[in-house]
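To start, the structure under review is shown below, and the notes come after it.
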Amino acid sequence: MSEELLAEPGWLSEEVKTGTTIIAVTFDGGVVLGSDSRVSAGESVVNRVMNKLSPLHDKIYCALSGSAADAQTIAEIVNYQLDVHSIEVEDDPLVCSAATLVKNISYKYKEELSAHLIVAGWDRKEGGQVYATLSGLLTKQPFAIGGSGSFYINGFVDAEFRKNMTKTETQEFVVNALTLAMGRDGSSGGVAYVVTIDKDGTEEKCILGNELPKFFDQ
Amino acid sequence: MLNTSRKWQNPSGGFSFENTRRNAVLETSLSEKGYSAPKARKTGTTIAGIIFKDGVILGADTRATDDMVVADKNCMKIHYISPKIYCCGAGVAADAEVTTQMMSSNVELHSLSTGRPPLVVTVTRMLKQMLFRYQGHIGSSLIVGGVDVNGPQLYSVYPHGSYDKLPFLTMGSGAAAAVSVFEDRFKLNMELEEGKQLMRDAITAGIFCDLGSGSNVDLCVITEKGVDYLRGYDQPAQKEQKEGTYRYKPGTTAVLTETVTPLTLDLVEESVQVMDTK
């Protein structure tokens with residue numbers, strides 16, 4: 001009995017992970033990003049309201065998953081590099097530039113880092129785009145999911161995604177996907193953050209746990 | 001003689017890990033004889049911070065443990081960084097202490113260079129960049145709280161370099177006990193006395209419900225007007241008055257014989273060391 005009483009909490013020795021569900025979807029005219037808000041260290045939740053959708057630029061966001069420290073640091077470095085780049089080209093940066101900067105760091109330090117960022121945004125040249133940068137690869141996709149909770153919704157997103165949905169339909173799709181993943185993954189939970197980016201600007205929304213849609217839950 | 005022929009290497013600043021090889025050799029040679037090297041002392045701790053109407057309140061217990069022995073009954077876990085920014089440290093005691101001292105001096109230099117009072121985000125950024133560089137080998141978890149031009153702010157920084165910005169935070173082995181008090185009673189824009197009471201209750205929960213935390217409650221209230229460092233704000237774990245006594249009356253045991261041998265001794269040297277027993 002005494003062994004359990006003296007066991008120290010997981011987060012004292014374990015690394016803090018954003019065991020997560022993240023998703024980014026393109027629609028006709030922009031992108032919608034979504035994430036849960038749980039940050040865990042071992043079995044403890046250290047932050048139940050973390051916004052994992054981090055801005056890289058005005059119309060480019062990235063979704064963080066994996067090791068919290070690695071993901072936050074990559075996002076911060078790329079934010080700085082994009083600032084410099086956009087001053088040099090005297091224009092808003094392209095989403096593929098942001099994604100390439102993230103990919104460069106993820107690939108060069110792939111042995112040391114364990115974070116997966118999904119980069120999504122809108123630019124004048126190509127409109128709404130979503131890029132996945134897992135382990136240093138760079139691939140443009142109509143939608144991307146990531147994090148520990150994404151495994152539970154692979155079937156759902158494959159079945160329900162349609163190209164060229166409207167903005168509202170896409171936001172609903174993202175919220176449904178997040179809710180289903182948070183309902184099944186122990187490392188995802190809390191509130192849902194949704195960011196919508198289109199040519200008119202960026203809109204951030206936070207949906208509280210009790211306002212999420214209800215699915216079969218007996 | 002051979003030592004002086006070695007070229008003098010200027011210390012390169014930052015942490016030096018050259019003793020790790022010596023420690024590894026010592027560890028193996030000691031374990032052969034059945035001894036073990038002393039472990040790095042952790043401050044099994046309860047530290048917490050909240051934002052109230054006028055600023056930030058930081059709180060900490062005062063026990064430092066060495067495995068299962070209390071090494072210091074009244075240590076200070078709330079460290080000074082700058083006039084209106086303080087930092088609570090948990091994890092390995094030495095790491096927390098030295099990291100905060102380094103931050104304090106770097107932040108002072110930075111603020112002299114910018115000509116402005118330092119920002120809490122600056123302290124957090126410097127801390128997390130340093131901790132990330134050392135990939136978690138510096139075992140210090142910190143709560144940074146303070147007031148600057150952007151208002152009162154509270155950040156937590158973990159050993160691997162991740163950070164969170166929240167209105168209330170707890171860390172240390174007693175974090176679970178303390179955060180339960182906050183989750184129950186925290187409100188935005190509390191008054192000062194309400195905030196101090198809530199903080200005191202949270203740290204006390206850690207002191208009573210966690211083996212690694214104990215002794216007194218230290219509070220540090222930081223507002224626009226200044227800092228109020230309340231060392232020993234509350235002492236919930238004081239020794240009680242004993243109700244009965246185990247002493248026997250003189251004469252309970254019969255004395256059969258008595259021999260007195262006087263020893264003539266001279267007092268050669270007297271030195272007094274006062275211990276902090278409170």
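We label chains A, B, ... in the order they appear in the structure tokens, count residues from 1 in each chain, and number ligands from 1 in the order shown.
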Set the distance at 7 Å and use only C-alpha atoms: which residues neighbour segment 51-65 of chain B once local chain neighbours fewer than 2 positions away are removed? I'd like the list as a ChimeraX atom specification.
/B:41-49,67-78,145-147,152,167-168,188-192,195,199,203,207,212-224
Near-Arg124 of chain A list (10 Å; only C-alpha atoms; drop same-chain fewer than 4 positions) as a PyMOL selection string:
chain A and resi 92-95+128+198-199
Just-selected residues, C-alpha atoms written as a compact mmCIF listing (two decimals), in the first residue's frame:
```
# COMPACT_ATOMS: atom_id res chain seq x y z
CA ASP A 92 1.73 38.11 -47.27
CA PRO A 93 3.45 34.72 -47.22
CA LEU A 94 2.07 31.70 -49.08
CA VAL A 95 0.70 28.77 -47.07
CA GLY A 128 -7.48 27.56 -48.95
CA ASP A 198 -11.01 32.83 -45.77
CA LYS A 199 -10.33 35.86 -47.95
```
Give the residues of chain B that lie within 6 Å of chain A; count only C-alpha atoms, and format the answer as a PyMOL selection string.
chain B and resi 160-162
DSSP strand (DSSP E or B) residues within segment 79-194 of chain B, listed as a ChimeraX atom specification
/B:79-82,85-92,140-148,151-157,163-165,168-171
Just asking: which residues within segment 65-210 of chain B are alpha helix (DSSP H) according to DSSP, as a VMD selection string?
chain B and resid 93 to 114 120 to 133 175 to 185 192 to 209
Any idea what's packed within 12 Å of Thr168 of chain A, counting only C-alpha atoms, ignoring anything in its chain fewer than 2 positions away? Could you give it as a PyMOL selection string?
chain A and resi 27-32+164-166+170-175+194+196
Distance criterion (only C-alpha atoms): nearest to Asp158 of chain A out of A:Lys59, A:Glu211, A:Val25, A:Lys140
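Closest residue, counting only C-alpha atoms: A:Val25.
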Taking 5 positions as the minimum chain separation for residues in the same chain, which residues sit within 10 Å of Asn176 of chain A when counting only C-alpha atoms? Answer as a PyMOL selection string.
chain A and resi 153+156-157+170-171+181-182+212-215
Can you tell me, as number ranges by chain, what residues are no more than 8 Å from segment 104-110 of chain A when counting only C-alpha atoms, ignoring any on the same chain fewer than 2 positions away?
A: 74, 100-102, 112-115, 133-137
Counting only C-alpha atoms, the residue among A:Thr20, A:Ser148, A:Ser188, A:Thr26 that lies closest to Lys163 of chain A is A:Thr26
Figure out the distance between atom CA of Ala205 of chain B and atom CA of Gln235 of chain B, please, to one decimal in Å.
12.6 Å
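The space between atom CA of Ala178 of chain B and atom CA of Phe208 of chain B spans 10.3 Å.
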Using only C-alpha atoms, find the one residue out of A:Lys52, A:His116, A:Lys125, A:Cys96 that sits nearest to Gln141 of chain A.
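So, comparing all the options, the nearest one is A:Cys96.
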Which distance in Å separates atom CA of Tyr61 of chain A and atom CA of Leu138 of chain A, to one decimal?
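Rounded to one decimal, the two atoms are 15.8 Å apart.
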Using only C-alpha atoms, determine which residues lie at most 7 Å from Ser35 of chain A, disregarding the query and same-chain residues fewer than 4 positions distant; provide the list as a short mmCIF file (atom, residue, chain, number, x, y, z; two decimals) with all heavy atoms, in the first residue's frame.
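Saved the output as around.cif:
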```cif
data_model
loop_
_atom_site.label_atom_id
_atom_site.label_comp_id
_atom_site.auth_asym_id
_atom_site.auth_seq_id
_atom_site.Cartn_x
_atom_site.Cartn_y
_atom_site.Cartn_z
N THR A 21 -6.59 15.71 -30.53
CA THR A 21 -7.23 15.53 -31.83
C THR A 21 -7.12 16.86 -32.56
O THR A 21 -7.55 17.89 -32.05
CB THR A 21 -8.73 15.20 -31.66
OG1 THR A 21 -8.86 14.16 -30.72
CG2 THR A 21 -9.34 14.80 -32.97
N ILE A 22 -6.52 16.83 -33.75
CA ILE A 22 -6.47 18.05 -34.56
C ILE A 22 -6.97 17.73 -35.96
O ILE A 22 -6.79 16.60 -36.44
CB ILE A 22 -5.07 18.69 -34.65
CG1 ILE A 22 -4.01 17.66 -35.02
CG2 ILE A 22 -4.72 19.40 -33.37
CD1 ILE A 22 -2.65 18.27 -35.25
N ILE A 23 -7.60 18.71 -36.58
CA ILE A 23 -8.16 18.47 -37.92
C ILE A 23 -8.14 19.78 -38.69
O ILE A 23 -8.32 20.85 -38.11
CB ILE A 23 -9.60 17.89 -37.82
CG1 ILE A 23 -10.26 17.80 -39.19
CG2 ILE A 23 -10.46 18.72 -36.88
CD1 ILE A 23 -11.57 17.04 -39.18
N LYS A 52 -4.74 24.79 -29.20
CA LYS A 52 -3.66 24.17 -29.96
C LYS A 52 -3.59 24.71 -31.38
O LYS A 52 -2.79 24.22 -32.18
CB LYS A 52 -3.85 22.67 -29.99
CG LYS A 52 -3.82 22.10 -28.59
CD LYS A 52 -4.14 20.65 -28.56
CE LYS A 52 -4.37 20.22 -27.12
NZ LYS A 52 -4.77 18.84 -27.02
N LEU A 53 -4.44 25.68 -31.72
CA LEU A 53 -4.39 26.30 -33.04
C LEU A 53 -3.57 27.56 -32.90
O LEU A 53 -4.02 28.56 -32.36
CB LEU A 53 -5.81 26.60 -33.54
CG LEU A 53 -6.71 25.37 -33.53
CD1 LEU A 53 -8.12 25.73 -33.92
CD2 LEU A 53 -6.16 24.32 -34.50
N LEU A 178 -14.42 16.37 -34.17
CA LEU A 178 -13.75 16.59 -32.87
C LEU A 178 -14.54 15.93 -31.75
O LEU A 178 -13.97 15.28 -30.87
CB LEU A 178 -13.61 18.08 -32.60
CG LEU A 178 -12.53 18.82 -33.37
CD1 LEU A 178 -12.63 20.31 -33.10
CD2 LEU A 178 -11.15 18.32 -33.00
N ALA A 192 -13.67 22.66 -27.58
CA ALA A 192 -13.24 22.57 -28.97
C ALA A 192 -12.94 23.97 -29.47
O ALA A 192 -13.72 24.90 -29.28
CB ALA A 192 -14.32 21.93 -29.83
N TYR A 193 -11.76 24.16 -30.06
CA TYR A 193 -11.42 25.44 -30.68
C TYR A 193 -11.54 25.28 -32.19
O TYR A 193 -11.04 24.31 -32.76
CB TYR A 193 -9.99 25.83 -30.33
CG TYR A 193 -9.80 26.27 -28.91
CD1 TYR A 193 -9.23 25.42 -27.97
CD2 TYR A 193 -10.18 27.54 -28.49
CE1 TYR A 193 -9.05 25.82 -26.66
CE2 TYR A 193 -10.00 27.94 -27.18
CZ TYR A 193 -9.43 27.08 -26.27
OH TYR A 193 -9.25 27.47 -24.97
N VAL A 194 -12.24 26.24 -32.83
CA VAL A 194 -12.42 26.18 -34.29
C VAL A 194 -11.97 27.51 -34.88
O VAL A 194 -12.35 28.57 -34.40
CB VAL A 194 -13.90 25.92 -34.65
CG1 VAL A 194 -14.08 25.89 -36.15
CG2 VAL A 194 -14.37 24.63 -34.03
#
```
